[in-house]
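Visitor: Compact mmCIF, C-alpha atoms, file query_11.txt:
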# COMPACT_ATOMS: atom_id res chain seq x y z
CA MET A 1 -13.54 5.17 42.12
CA THR A 2 -11.28 4.86 39.11
CA ALA A 3 -12.39 7.79 36.96
CA THR A 4 -9.73 10.48 36.91
CA VAL A 5 -11.02 13.97 37.48
CA PRO A 6 -10.06 16.49 34.81
CA MET A 7 -8.33 19.37 36.61
CA THR A 8 -9.40 22.21 34.32
CA ALA A 9 -13.05 21.22 34.43
CA ALA A 10 -13.10 20.75 38.21
CA LEU A 11 -11.53 24.17 38.72
CA ALA A 12 -13.96 25.80 36.27
CA LEU A 13 -17.04 24.42 38.02
CA GLY A 14 -15.60 24.76 41.52
CA ASP A 15 -14.44 28.34 41.01
CA ASP A 16 -17.82 29.38 39.56
CA ALA A 17 -19.50 28.10 42.70
CA LEU A 18 -16.90 29.50 45.10
CA VAL A 19 -16.77 32.99 43.63
CA LEU A 20 -20.54 33.39 43.27
CA SER A 21 -20.93 32.09 46.81
CA HIS A 22 -18.61 34.80 48.07
CA ARG A 23 -20.40 37.51 46.10
CA LEU A 24 -23.78 36.45 47.48
CA GLY A 25 -22.31 36.36 50.97
CA GLU A 26 -21.52 40.07 50.59
CA TRP A 27 -25.27 40.72 50.83
CA ALA A 28 -25.29 39.62 54.47
CA GLY A 29 -26.37 42.67 56.45
CA HIS A 30 -27.34 44.60 53.31
CA ALA A 31 -30.25 42.76 51.69
CA PRO A 32 -33.50 44.71 51.19
CA VAL A 33 -35.54 42.50 53.55
CA LEU A 34 -34.69 39.85 56.12
CA GLU A 35 -36.17 37.00 54.06
CA GLU A 36 -33.91 37.91 51.15
CA GLU A 37 -30.89 38.09 53.38
CA VAL A 38 -31.62 34.54 54.48
CA ALA A 39 -32.40 33.39 50.94
CA LEU A 40 -29.19 34.76 49.42
CA ALA A 41 -27.10 33.34 52.27
CA ASN A 42 -28.73 29.93 51.80
CA ILE A 43 -28.01 29.98 48.07
CA ALA A 44 -24.43 30.99 48.88
CA LEU A 45 -24.15 28.07 51.28
CA ASP A 46 -25.35 25.59 48.64
CA LEU A 47 -22.76 26.95 46.22
CA LEU A 48 -20.02 26.80 48.84
CA GLY A 49 -20.84 23.15 49.48
CA GLN A 50 -20.60 22.41 45.77
CA ALA A 51 -17.30 24.30 45.53
CA ARG A 52 -15.83 22.31 48.43
CA VAL A 53 -16.68 18.99 46.79
CA LEU A 54 -15.37 20.08 43.38
CA LEU A 55 -12.10 21.60 44.62
CA SER A 56 -11.46 18.64 46.92
CA MET A 57 -11.55 16.39 43.86
CA VAL A 58 -8.35 17.95 42.57
CA GLY A 59 -6.47 19.19 45.63
CA ASP A 60 -6.70 20.73 49.07
CA GLU A 61 -9.81 22.91 49.14
CA ASP A 62 -8.32 25.58 51.38
CA ASP A 63 -5.08 25.86 49.44
CA LEU A 64 -7.04 26.15 46.21
CA ALA A 65 -9.47 28.73 47.56
CA TYR A 66 -7.09 30.88 49.58
CA LEU A 67 -3.63 30.53 48.13
CA ARG A 68 -4.09 30.78 44.38
CA GLU A 69 -3.38 34.02 42.57
CA GLU A 70 -6.03 35.73 40.49
CA ARG A 71 -4.73 34.35 37.20
CA ALA A 72 -5.09 30.77 38.44
CA PHE A 73 -8.85 31.07 38.95
CA ARG A 74 -10.96 29.57 36.19
CA ASN A 75 -14.40 30.99 37.00
CA LEU A 76 -16.61 32.77 34.50
CA GLN A 77 -16.36 36.54 34.49
CA LEU A 78 -20.12 36.62 35.00
CA VAL A 79 -19.97 35.28 38.57
CA GLU A 80 -17.25 37.70 39.72
CA GLN A 81 -19.24 40.80 38.73
CA PRO A 82 -20.03 43.03 41.71
CA ASN A 83 -23.46 42.73 43.28
CA GLY A 84 -24.62 46.12 42.02
CA ASP A 85 -28.18 46.92 43.03
CA PHE A 86 -30.59 44.09 43.86
CA ALA A 87 -31.68 43.87 40.20
CA HIS A 88 -28.08 43.24 39.10
CA THR A 89 -27.75 40.43 41.62
CA ILE A 90 -31.01 38.90 40.41
CA ALA A 91 -29.99 39.20 36.74
CA ARG A 92 -26.67 37.48 37.55
CA GLN A 93 -28.60 34.78 39.42
CA LEU A 94 -31.01 34.28 36.53
CA TYR A 95 -28.24 33.99 33.94
CA PHE A 96 -26.01 31.76 36.04
CA SER A 97 -28.52 29.47 37.72
CA THR A 98 -30.25 28.78 34.39
CA TYR A 99 -26.87 27.84 32.91
CA GLN A 100 -25.84 25.78 35.93
CA HIS A 101 -29.15 23.94 36.01
CA LEU A 102 -28.92 22.96 32.33
CA LEU A 103 -25.24 22.00 32.59
CA TYR A 104 -25.61 19.97 35.79
CA SER A 105 -28.67 18.16 34.43
CA GLU A 106 -26.52 17.02 31.54
CA LEU A 107 -23.52 16.14 33.72
CA ALA A 108 -25.77 14.20 36.10
CA ALA A 109 -26.94 12.03 33.20
CA SER A 110 -23.46 11.63 31.71
CA GLY A 111 -22.08 9.13 34.20
CA GLY A 112 -18.73 10.94 34.23
CA PRO A 113 -16.67 11.96 37.27
CA PHE A 114 -18.95 14.92 38.01
CA ALA A 115 -22.21 12.94 37.84
CA PRO A 116 -22.67 12.27 41.59
CA LEU A 117 -22.10 15.92 42.55
CA ALA A 118 -24.18 17.20 39.63
CA ALA A 119 -27.10 14.89 40.47
CA LYS A 120 -27.10 16.23 44.00
CA ALA A 121 -26.52 19.89 43.17
CA VAL A 122 -29.05 20.11 40.36
CA LYS A 123 -31.86 19.75 42.87
CA GLU A 124 -30.50 22.65 44.92
CA VAL A 125 -29.93 24.77 41.83
CA ALA A 126 -33.56 24.23 40.79
CA TYR A 127 -34.51 26.30 43.84
CA HIS A 128 -31.92 28.98 42.98
CA ARG A 129 -33.30 29.23 39.46
CA ASP A 130 -36.85 29.42 40.73
CA HIS A 131 -35.88 32.18 43.18
CA ALA A 132 -34.25 34.22 40.38
CA GLU A 133 -37.19 33.68 38.07
CA GLN A 134 -39.77 34.83 40.60
CA TRP A 135 -37.79 37.97 41.38
CA THR A 136 -37.26 38.74 37.69
CA LEU A 137 -41.01 38.55 37.15
CA ARG A 138 -41.73 40.69 40.16
CA LEU A 139 -39.19 43.38 39.32
CA GLY A 140 -39.70 43.38 35.55
CA ASP A 141 -43.47 43.44 35.83
CA GLY A 142 -43.46 45.76 38.84
CA THR A 143 -43.18 49.52 39.04
CA ASP A 144 -41.63 51.73 36.36
CA GLU A 145 -38.56 52.04 38.56
CA SER A 146 -38.13 48.30 39.18
CA HIS A 147 -38.79 47.53 35.50
CA GLU A 148 -36.14 50.00 34.38
CA ARG A 149 -33.58 48.73 36.89
CA MET A 150 -34.18 45.11 35.92
CA ARG A 151 -33.86 46.00 32.25
CA ARG A 152 -30.61 47.84 32.89
CA ALA A 153 -29.19 44.97 34.91
CA CYS A 154 -30.01 42.35 32.26
CA GLN A 155 -28.42 44.59 29.64
CA ALA A 156 -25.28 45.28 31.69
CA LEU A 157 -24.50 41.59 32.24
CA TRP A 158 -25.47 40.45 28.75
CA LYS A 159 -21.94 40.65 27.36
CA PHE A 160 -20.81 38.04 29.90
CA THR A 161 -23.35 35.43 28.79
CA GLY A 162 -21.43 34.01 25.85
CA GLU A 163 -18.53 32.71 27.93
CA PRO A 164 -20.45 29.95 29.75
CA PHE A 165 -20.96 28.15 26.45
CA GLN A 166 -17.34 28.02 25.38
CA PRO A 167 -16.10 24.40 25.59
CA VAL A 168 -14.11 23.48 28.70
CA GLU A 169 -11.40 20.86 28.55
CA GLY A 170 -12.61 17.73 30.29
CA LEU A 171 -16.26 18.77 30.48
CA ASP A 172 -18.30 16.41 28.43
CA ALA A 173 -21.29 18.55 27.59
CA GLY A 174 -23.05 19.70 24.41
CA PHE A 175 -22.47 23.40 24.77
CA SER A 176 -24.28 24.54 21.64
CA GLY A 177 -27.39 22.64 22.73
CA LEU A 178 -27.07 24.12 26.19
CA GLU A 179 -26.84 27.60 24.73
CA THR A 180 -30.00 27.15 22.67
CA ALA A 181 -31.87 25.89 25.72
CA TRP A 182 -30.48 28.75 27.83
CA LEU A 183 -31.59 31.42 25.37
CA GLU A 184 -35.04 29.87 25.23
CA SER A 185 -35.39 29.62 28.99
CA VAL A 186 -34.04 33.09 29.83
CA GLY A 187 -35.99 34.61 26.92
CA ASP A 188 -39.19 33.06 28.23
CA VAL A 189 -38.69 34.44 31.75
CA LEU A 190 -37.83 37.91 30.44
CA ARG A 191 -40.88 37.98 28.16
CA ARG A 192 -43.15 37.07 31.05
CA ALA A 193 -41.45 39.81 33.06
CA THR A 194 -42.42 42.29 30.27
CA LEU A 195 -38.74 42.56 29.34
CA THR A 196 -36.96 41.55 26.16
CA LEU A 197 -33.71 39.69 25.52
CA PRO A 198 -31.00 42.37 25.61
CA GLU A 199 -29.30 43.33 22.40
CA GLY A 200 -25.58 43.35 21.83
CA ALA A 201 -22.78 40.89 21.33
CA ARG A 202 -22.35 37.85 23.58
CA THR A 203 -19.20 36.66 21.82
CA GLY A 204 -16.38 38.26 19.86
CA ALA A 205 -15.74 41.98 19.77
CA TRP A 206 -17.60 44.12 22.34
CA SER A 207 -18.36 41.09 24.47
CA ALA A 208 -16.47 39.93 27.56
CA GLY A 209 -15.36 36.70 29.08
CA ALA A 210 -11.96 35.06 29.39
CA GLY A 211 -12.27 33.96 32.99
CA ARG A 212 -11.86 30.33 32.00
CA GLN A 213 -8.41 31.31 30.70
CA GLY A 214 -7.54 33.08 33.95
CA LEU A 215 -8.21 36.61 32.73
CA HIS A 216 -10.50 38.43 35.12
CA THR A 217 -12.19 41.78 35.42
CA GLU A 218 -10.89 44.48 37.69
CA PRO A 219 -13.30 44.02 40.64
CA PHE A 220 -12.25 40.37 41.02
CA GLY A 221 -8.84 41.24 42.43
CA ARG A 222 -10.40 43.26 45.22
CA MET A 223 -12.86 40.47 45.97
CA LEU A 224 -10.04 37.94 46.20
CA ALA A 225 -8.00 40.21 48.45
CA GLU A 226 -10.86 40.35 50.89
CA MET A 227 -11.64 36.64 50.61
CA GLN A 228 -8.05 35.51 51.06
CA HIS A 229 -6.46 37.99 53.42
CA LEU A 230 -7.42 36.33 56.72
CA HIS A 231 -6.14 32.92 55.67
CA ARG A 232 -2.93 34.40 54.26
CA SER A 233 -2.34 36.57 57.34
CA HIS A 234 -2.81 33.64 59.72
CA PRO A 235 -1.73 30.51 57.88
CA GLY A 236 -3.13 27.36 59.43
CA ALA A 237 -5.29 29.20 61.95
CA ALA A 238 -8.33 27.32 63.20
CA TRP A 239 -11.41 28.29 65.20
CA MET B 1 -22.46 -2.13 44.99
CA VAL B 2 -23.87 -5.35 46.38
CA THR B 3 -22.56 -6.29 49.78
CA THR B 4 -23.85 -8.53 52.48
CA THR B 5 -24.35 -7.08 55.90
CA THR B 6 -23.13 -9.01 58.90
CA PRO B 7 -25.07 -8.98 62.18
CA LEU B 8 -22.35 -6.79 63.68
CA GLU B 9 -22.64 -4.31 60.83
CA ALA B 10 -26.42 -4.22 61.27
CA GLU B 11 -25.95 -3.55 64.97
CA LEU B 12 -23.46 -0.74 64.32
CA LEU B 13 -25.72 0.71 61.63
CA ALA B 14 -28.55 0.86 64.15
CA LEU B 15 -26.24 2.54 66.65
CA ALA B 16 -25.00 5.12 64.16
CA GLY B 17 -28.60 5.69 63.07
CA SER B 18 -29.70 6.36 66.65
CA VAL B 19 -27.58 9.52 66.82
CA PRO B 20 -29.83 12.62 66.97
CA ASP B 21 -29.62 15.19 64.19
CA PRO B 22 -27.57 18.13 65.53
CA GLU B 23 -29.99 20.77 64.20
CA LEU B 24 -33.27 18.89 64.55
CA PRO B 25 -32.59 16.80 67.65
CA VAL B 26 -36.10 15.33 67.59
CA LEU B 27 -35.00 13.27 64.58
CA THR B 28 -32.43 10.50 64.53
CA LEU B 29 -30.04 10.18 61.61
CA ALA B 30 -31.82 6.95 60.64
CA GLU B 31 -35.16 8.76 60.50
CA LEU B 32 -33.56 11.49 58.40
CA GLY B 33 -32.25 8.74 56.09
CA VAL B 34 -28.64 9.91 55.92
CA VAL B 35 -26.70 6.93 57.26
CA ARG B 36 -26.23 4.66 54.27
CA ALA B 37 -24.07 1.77 55.54
CA VAL B 38 -21.51 0.56 58.03
CA HIS B 39 -18.63 -1.64 56.89
CA VAL B 40 -16.58 -3.45 59.51
CA ARG B 41 -12.89 -3.49 58.63
CA GLY B 42 -10.91 -5.94 60.71
CA ALA B 43 -11.36 -6.52 64.41
CA ASP B 44 -12.15 -3.10 65.80
CA SER B 45 -12.50 -0.61 63.01
CA ALA B 46 -15.45 0.48 60.93
CA GLU B 47 -16.29 2.80 58.07
CA VAL B 48 -19.61 4.62 58.03
CA GLU B 49 -21.19 6.01 54.86
CA LEU B 50 -23.01 9.28 55.48
CA THR B 51 -24.84 11.31 52.84
CA PRO B 52 -25.52 15.05 53.24
CA THR B 53 -29.03 16.45 52.89
CA TYR B 54 -27.68 19.50 51.04
CA THR B 55 -24.18 19.63 49.54
CA GLY B 56 -23.25 22.54 51.80
CA CYS B 57 -25.04 21.33 54.92
CA PRO B 58 -22.77 22.41 57.80
CA ALA B 59 -24.32 19.81 60.14
CA VAL B 60 -22.46 16.99 58.38
CA GLU B 61 -19.31 17.57 60.41
CA ALA B 62 -21.19 17.49 63.71
CA MET B 63 -22.97 14.31 62.58
CA SER B 64 -19.65 12.66 61.74
CA LEU B 65 -18.18 13.51 65.14
CA ASP B 66 -21.26 12.23 66.96
CA ILE B 67 -21.24 8.95 65.02
CA GLU B 68 -17.53 8.47 65.74
CA ARG B 69 -18.08 9.11 69.43
CA VAL B 70 -21.01 6.69 69.73
CA LEU B 71 -19.22 3.87 67.92
CA ARG B 72 -16.03 4.39 69.93
CA GLU B 73 -18.04 4.18 73.12
CA HIS B 74 -19.29 0.86 71.79
CA GLY B 75 -15.70 -0.43 71.76
CA LEU B 76 -14.51 0.33 68.25
CA ARG B 77 -11.05 1.78 68.10
CA GLU B 78 -11.03 3.25 64.64
CA VAL B 79 -14.09 4.84 63.07
CA THR B 80 -14.04 6.72 59.80
CA VAL B 81 -17.06 8.50 58.39
CA ARG B 82 -17.04 8.81 54.63
CA LYS B 83 -19.26 11.33 52.86
CA VAL B 84 -21.09 9.81 49.89
CA LEU B 85 -23.08 11.85 47.38
CA SER B 86 -24.56 9.18 45.18
CA PRO B 87 -27.38 8.35 45.01
CA ALA B 88 -28.41 11.86 45.98
CA TRP B 89 -30.42 12.16 49.20
CA SER B 90 -34.07 13.00 48.79
CA THR B 91 -36.69 14.10 51.29
CA ASP B 92 -38.43 10.81 50.40
CA ASP B 93 -35.64 9.18 52.45
CA ILE B 94 -37.16 10.62 55.64
CA THR B 95 -39.10 7.84 57.33
CA ALA B 96 -42.79 7.99 58.23
CA GLU B 97 -41.82 8.23 61.90
CA GLY B 98 -39.43 11.06 61.01
CA ARG B 99 -42.23 12.95 59.29
CA ARG B 100 -44.49 12.51 62.29
CA LYS B 101 -41.82 13.85 64.63
CA LEU B 102 -41.15 16.86 62.39
CA ARG B 103 -44.83 17.77 62.47
CA GLU B 104 -44.92 17.35 66.22
CA PHE B 105 -41.89 19.64 66.48
CA GLY B 106 -43.73 22.36 64.53
CA ILE B 107 -42.13 21.78 61.13
CA ALA B 108 -44.35 20.82 58.20
CA PRO B 109 -42.83 17.64 56.73
CA PRO B 110 -41.92 17.43 53.04
CA ARG B 111 -44.57 16.09 50.70
CA GLU B 112 -43.94 12.85 48.81
CA HIS B 113 -42.36 13.43 45.44
CA ARG B 114 -44.07 13.87 42.17
CA ASP B 115 -41.19 15.43 40.21
CA ALA B 116 -37.89 16.67 41.54
CA GLY B 117 -37.45 20.37 42.03
CA PRO B 118 -39.41 23.29 43.36
CA VAL B 119 -43.14 23.67 42.97
CA THR B 120 -43.76 26.66 40.76
CA LEU B 121 -45.65 29.30 42.66
CA ALA B 122 -46.10 33.01 42.23
CA LEU B 123 -43.96 35.18 44.46
CA GLY B 124 -45.61 36.79 47.45
CA PRO B 125 -48.45 35.39 49.50
CA THR B 126 -49.54 32.26 47.72
CA ARG B 127 -52.18 29.90 48.92
CA THR B 128 -51.65 26.26 48.18
CA ALA B 129 -53.81 25.26 45.29
CA THR B 130 -55.38 21.88 45.91
CA PRO B 131 -56.05 20.08 49.20
CA GLU B 132 -53.94 17.02 48.37
CA GLU B 133 -51.00 19.26 47.43
CA ALA B 134 -51.38 21.48 50.46
CA VAL B 135 -48.62 22.06 52.97
CA ARG B 136 -50.58 21.74 56.18
CA CYS B 137 -49.97 23.92 59.19
CA PRO B 138 -48.17 21.79 61.80
CA HIS B 139 -49.92 23.68 64.59
CA CYS B 140 -53.61 23.61 63.65
CA GLY B 141 -53.62 21.28 60.62
CA SER B 142 -55.19 23.82 58.27
CA ALA B 143 -54.46 23.42 54.56
CA ASP B 144 -54.84 27.16 54.07
CA THR B 145 -51.20 28.26 54.23
CA GLU B 146 -49.04 30.61 52.20
CA LEU B 147 -45.38 30.78 51.22
CA LEU B 148 -43.42 33.66 52.72
CA SER B 149 -39.94 32.73 51.56
CA ARG B 150 -38.36 29.81 49.74
CA PHE B 151 -35.40 29.84 52.08
CA SER B 152 -35.66 29.84 55.84
CA SER B 153 -33.58 29.18 58.96
CA THR B 154 -31.63 26.45 57.15
CA ALA B 155 -31.17 25.53 53.49
CA CYS B 156 -33.60 22.63 53.82
CA LYS B 157 -36.57 24.69 54.98
CA ALA B 158 -38.98 27.24 53.52
CA LEU B 159 -40.91 29.78 55.58
CA ARG B 160 -44.72 29.65 55.48
CA ARG B 161 -47.63 31.16 57.36
CA CYS B 162 -50.92 29.61 58.32
CA LEU B 163 -53.91 31.68 57.24
CA SER B 164 -56.19 30.03 59.78
CA CYS B 165 -54.21 30.32 63.02
CA ARG B 166 -51.86 33.01 61.65
CA GLU B 167 -48.76 31.26 62.99
CA PRO B 168 -45.63 31.25 60.84
CA PHE B 169 -43.93 27.87 60.48
CA ASP B 170 -41.02 26.15 58.77
CA HIS B 171 -41.65 23.68 55.97
CA PHE B 172 -39.04 21.03 55.23
CA LYS B 173 -39.08 21.57 51.50
CA GLU B 174 -39.05 18.79 48.97
CA LEU B 175 -35.65 17.85 47.54
How would this structure read if it were set down as structure tokens?
Guide:
Amino acid sequence: MTATVPMTAALALGDDALVLSHRLGEWAGHAPVLEEEVALANIALDLLGQARVLLSMVGDEDDLAYLREERAFRNLQLVEQPNGDFAHTIARQLYFSTYQHLLYSELAASGGPFAPLAAKAVKEVAYHRDHAEQWTLRLGDGTDESHERMRRACQALWKFTGEPFQPVEGLDAGFSGLETAWLESVGDVLRRATLTLPEGARTGAWSAGAGRQGLHTEPFGRMLAEMQHLHRSHPGAAW
Amino acid sequence: MVTTTTPLEAELLALAGSVPDPELPVLTLAELGVVRAVHVRGADSAEVELTPTYTGCPAVEAMSLDIERVLREHGLREVTVRKVLSPAWSTDDITAEGRRKLREFGIAPPREHRDAGPVTLALGPTRTATPEEAVRCPHCGSADTELLSRFSSTACKALRRCLSCREPFDHFKEL
């Protein structure tokens, strides 16, 4: 092992996984049916495992997860968005898992420092993407109510979907190619779900996304407070 | 990495591999295909390479402790278990004996790989399409089974139901 791990890139990938894992964990006890409760918790567990590997590459995983301030987190604003209704969670899953699957496929083939983790994780993420796709089809092509909620959710999160394709220091990936593939893949799922690609800006004015620079949306602070308070209140505590 | 294995390392590898899986105790770690190698370092210390089934699999820590305990009981003083990710574990690493035991335990074993990744199926009750692709019921052997949920009691399993004997069962899904 001689390859040095680029800090910024490891934090970006690790924080995406950590934060989304925590958000999905918030569904425990609240999911619409038991099977979904189990599914979302399993997806969260996969992401937590990925986060642990990625953060451990550049420091102590617990210190990084529990002792950093909000501005030091490098996750996408997309993954920190609140769960909303079930459709919002599924839209977030569709957008993120499609991105993560494309990115990790490329990283797995790159031979860089993230290749071993990416090669492993991409197989897990394939199931996450499939789960999101099946639910998007079911909700979009379901009742008037589910169609409308799915449409609203896709629209609401659309402004966060430009940020994933901004270059990240130390991440050797072809982001413009990834973006084209992402638009094609998400567009295809939405069409089959009788929905259309939302309109509106994904970059520039009226869009969102500076999480990679440490700027986060308002709900993220509250999420972090809940995630970190036990560890900060009882430093070094163990089960 | 090309290394030669000494008889002692082979013996220790067999010992480490004989440890039962903490969540599926009918399987040994060797049958699950997660113990990659044992390297003897000096007189009484060894390093074991263990690969996780899923990146977040919480059983890895219990496996490490069990391996350490077994090798210490065998007279080694220092045992370290190192987690290796590459090459990524696949359900094809489960041995034929491991598959048989899973079935006997009531868990449908993973099918051999065609392509990596999930099999695309419609959501909701879905019968398996062709007999050779079918996930067979571990209780009655019927090929007429349907998917209930992609994720079940652990990350590595999906929940299915047999349409012949009506029993639900876990399926160790392909990875």
Visitor: What lies within 12 Å of Cys140 (chain B) using only C-alpha atoms, ignoring chain neighbours under 6 positions off, as a PyMOL selection string?
Guide: chain B and resi 103-104+106-108+161-169
Visitor: Need the shell around Leu78 (chain A): protein/DNA/RNA residues with any atom at most 9 Å away, counting only C-alpha atoms. Skip same-chain ones fewer than 5 positions apart. Format as a PDB file with C-alpha atoms, in the coordinates of the input?
Guide:
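File produced: selection.pdb:
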ATOM      1  CA  ASP A  16     -17.820  29.380  39.560  1.00  0.00           C
ATOM      2  CA  LEU A  20     -20.540  33.390  43.270  1.00  0.00           C
ATOM      3  CA  ARG A  92     -26.670  37.480  37.550  1.00  0.00           C
ATOM      4  CA  TYR A  95     -28.240  33.990  33.940  1.00  0.00           C
ATOM      5  CA  PHE A  96     -26.010  31.760  36.040  1.00  0.00           C
ATOM      6  CA  LEU A 157     -24.500  41.590  32.240  1.00  0.00           C
ATOM      7  CA  LYS A 159     -21.940  40.650  27.360  1.00  0.00           C
ATOM      8  CA  PHE A 160     -20.810  38.040  29.900  1.00  0.00           C
ATOM      9  CA  THR A 161     -23.350  35.430  28.790  1.00  0.00           C
ATOM     10  CA  GLU A 163     -18.530  32.710  27.930  1.00  0.00           C
ATOM     11  CA  PRO A 164     -20.450  29.950  29.750  1.00  0.00           C
ATOM     12  CA  ALA A 208     -16.470  39.930  27.560  1.00  0.00           C
ATOM     13  CA  GLY A 209     -15.360  36.700  29.080  1.00  0.00           C
ATOM     14  CA  GLY A 211     -12.270  33.960  32.990  1.00  0.00           C
TER      15      GLY A 211
END
Visitor: Pull out every residue of chain A sitting within 10 Å of chain B, counting all atoms listed in the file, and send them as JSON, numbers by chain.
Guide: {"A": [34, 35, 36, 37, 38, 39, 40, 41, 42, 43, 44, 45, 46, 47, 48, 49, 50, 51, 52, 53, 115, 116, 117, 118, 119, 120, 121, 122, 123, 124, 125, 126, 127, 128, 129, 130, 131, 133, 134, 135, 137, 138]}
Visitor: Just to confirm, what's the straight-line distance from CA of Ala9 (chain A) to CA of Gly170 (chain A) in Å (one decimal)?
Guide: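 Atom-to-atom, CA of Ala9 (chain A) to CA of Gly170 (chain A), that is 5.4 Å.
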Visitor: Would you work out the distance separating CA of Thr6 (chain B) from CA of Val38 (chain B), expressed in Å to one decimal?
Guide: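 Taking CA of Thr6 (chain B) and CA of Val38 (chain B), their separation equals 9.7 Å.
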Visitor: One decimal, in Å: what's the spacing between CA of Gln77 (chain A) and CA of Ser233 (chain A)?
Guide: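 Separation of CA of Gln77 (chain A) and CA of Ser233 (chain A): 26.8 Å.
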Visitor: Rank A:Val79, A:Ala237, A:Met57, A:Ala156 by their smallest atom-to-atom distance to His22 (chain A), using all atoms listed in the file, and report the top residue only.
Guide: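 Of A:Val79, A:Ala237, A:Met57, A:Ala156, the one nearest His22 (chain A) is A:Val79, counting all atoms listed in the file.
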Visitor: Quick one: 6 Å padding each side, axis-aligned, all listed atoms of region 72-75 of chain B - centre and edge lengths in Å to one decimal, as AutoDock Vina command-line options?
Guide:
--center_x -17.5 --center_y 2.0 --center_z 71.5 --size_x 15.6 --size_y 16.8 --size_z 15.2
Visitor: Point out the residue among A:Leu102, A:Ala12, A:Leu64, A:Ala109 with the least atom-to-atom distance to Gly177 (chain A), counting all atoms listed in the file.
Guide: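 Counting all atoms listed in the file, the residue closest to Gly177 (chain A) is A:Leu102.
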Visitor: Name the residues, using the chain letters and numbers of the file, that sit within 10 Å of (-17.7, 1.8, 70.2) when counting only C-alpha atoms, and give them as an MDAnalysis selection string.
Guide: chainID B and resid 12 15 44:46 67:79
Visitor: Convert the current residue selection to file output with C-alpha atoms, as a short mmCIF file (atom, residue, chain, number, x, y, z; two decimals), keeping the file's coordinate frame.
Guide:
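Saved as part.cif:
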data_model
loop_
_atom_site.label_atom_id
_atom_site.label_comp_id
_atom_site.auth_asym_id
_atom_site.auth_seq_id
_atom_site.Cartn_x
_atom_site.Cartn_y
_atom_site.Cartn_z
CA LEU B 12 -23.46 -0.74 64.32
CA LEU B 15 -26.24 2.54 66.65
CA ASP B 44 -12.15 -3.10 65.80
CA SER B 45 -12.50 -0.61 63.01
CA ALA B 46 -15.45 0.48 60.93
CA ILE B 67 -21.24 8.95 65.02
CA GLU B 68 -17.53 8.47 65.74
CA ARG B 69 -18.08 9.11 69.43
CA VAL B 70 -21.01 6.69 69.73
CA LEU B 71 -19.22 3.87 67.92
CA ARG B 72 -16.03 4.39 69.93
CA GLU B 73 -18.04 4.18 73.12
CA HIS B 74 -19.29 0.86 71.79
CA GLY B 75 -15.70 -0.43 71.76
CA LEU B 76 -14.51 0.33 68.25
CA ARG B 77 -11.05 1.78 68.10
CA GLU B 78 -11.03 3.25 64.64
CA VAL B 79 -14.09 4.84 63.07
#
Visitor: Excluding Ala37 (chain B) and residues on its chain fewer than 5 positions from it, collect all residues at most 9 Å away from it, counting all atoms listed in the file, and give them as a list in words.
Guide: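 Surrounding residues, per the criterion: Thr5, Glu9, Ala10, Leu13, Glu47, Val48, Glu49 and Leu50 of chain B.
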Visitor: Please list as a list in words every residue within 12 Å of Gly236 (chain A), counting all atoms listed in the file and excluding residues in the same chain fewer than 4 positions away.
Guide: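 Here the qualifying residues turn out to be Asp62, Asp63, Tyr66, Leu67, Leu230, His231 and Arg232 of chain A.
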Visitor: Would you write out those residues with C-alpha atoms, as a CSV table (one decimal), in the coordinates of the input?
Guide:
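That gives us part20.csv:
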chain,number,residue,atom,x,y,z
A,62,ASP,CA,-8.3,25.6,51.4
A,63,ASP,CA,-5.1,25.9,49.4
A,66,TYR,CA,-7.1,30.9,49.6
A,67,LEU,CA,-3.6,30.5,48.1
A,230,LEU,CA,-7.4,36.3,56.7
A,231,HIS,CA,-6.1,32.9,55.7
A,232,ARG,CA,-2.9,34.4,54.3
Visitor: Set the distance at 10 Å and use only C-alpha atoms: which residues neighbour His147 (chain A) once local chain neighbours fewer than 3 positions away are removed? I'd like the list as an NGL selection string.
Guide: :A and (87 or 136-144 or 150-153 or 193-195)
Visitor: Pick out the closest residue to Glu23 (chain B) from this set: B:Val40, B:Ala143, B:Val135, B:Ala59. Count all atoms listed in the file.
Guide: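 Among the listed residues, B:Ala59 lies closest to Glu23 (chain B).
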Visitor: Could you give me, as an NGL selection string, the residues that have an atom at most 10 Å away from the point (-21.5, 11.2, 28.2) in the coordinates of the file, using only C-alpha atoms?
Guide: :A and (106-112 or 115 or 171-174)
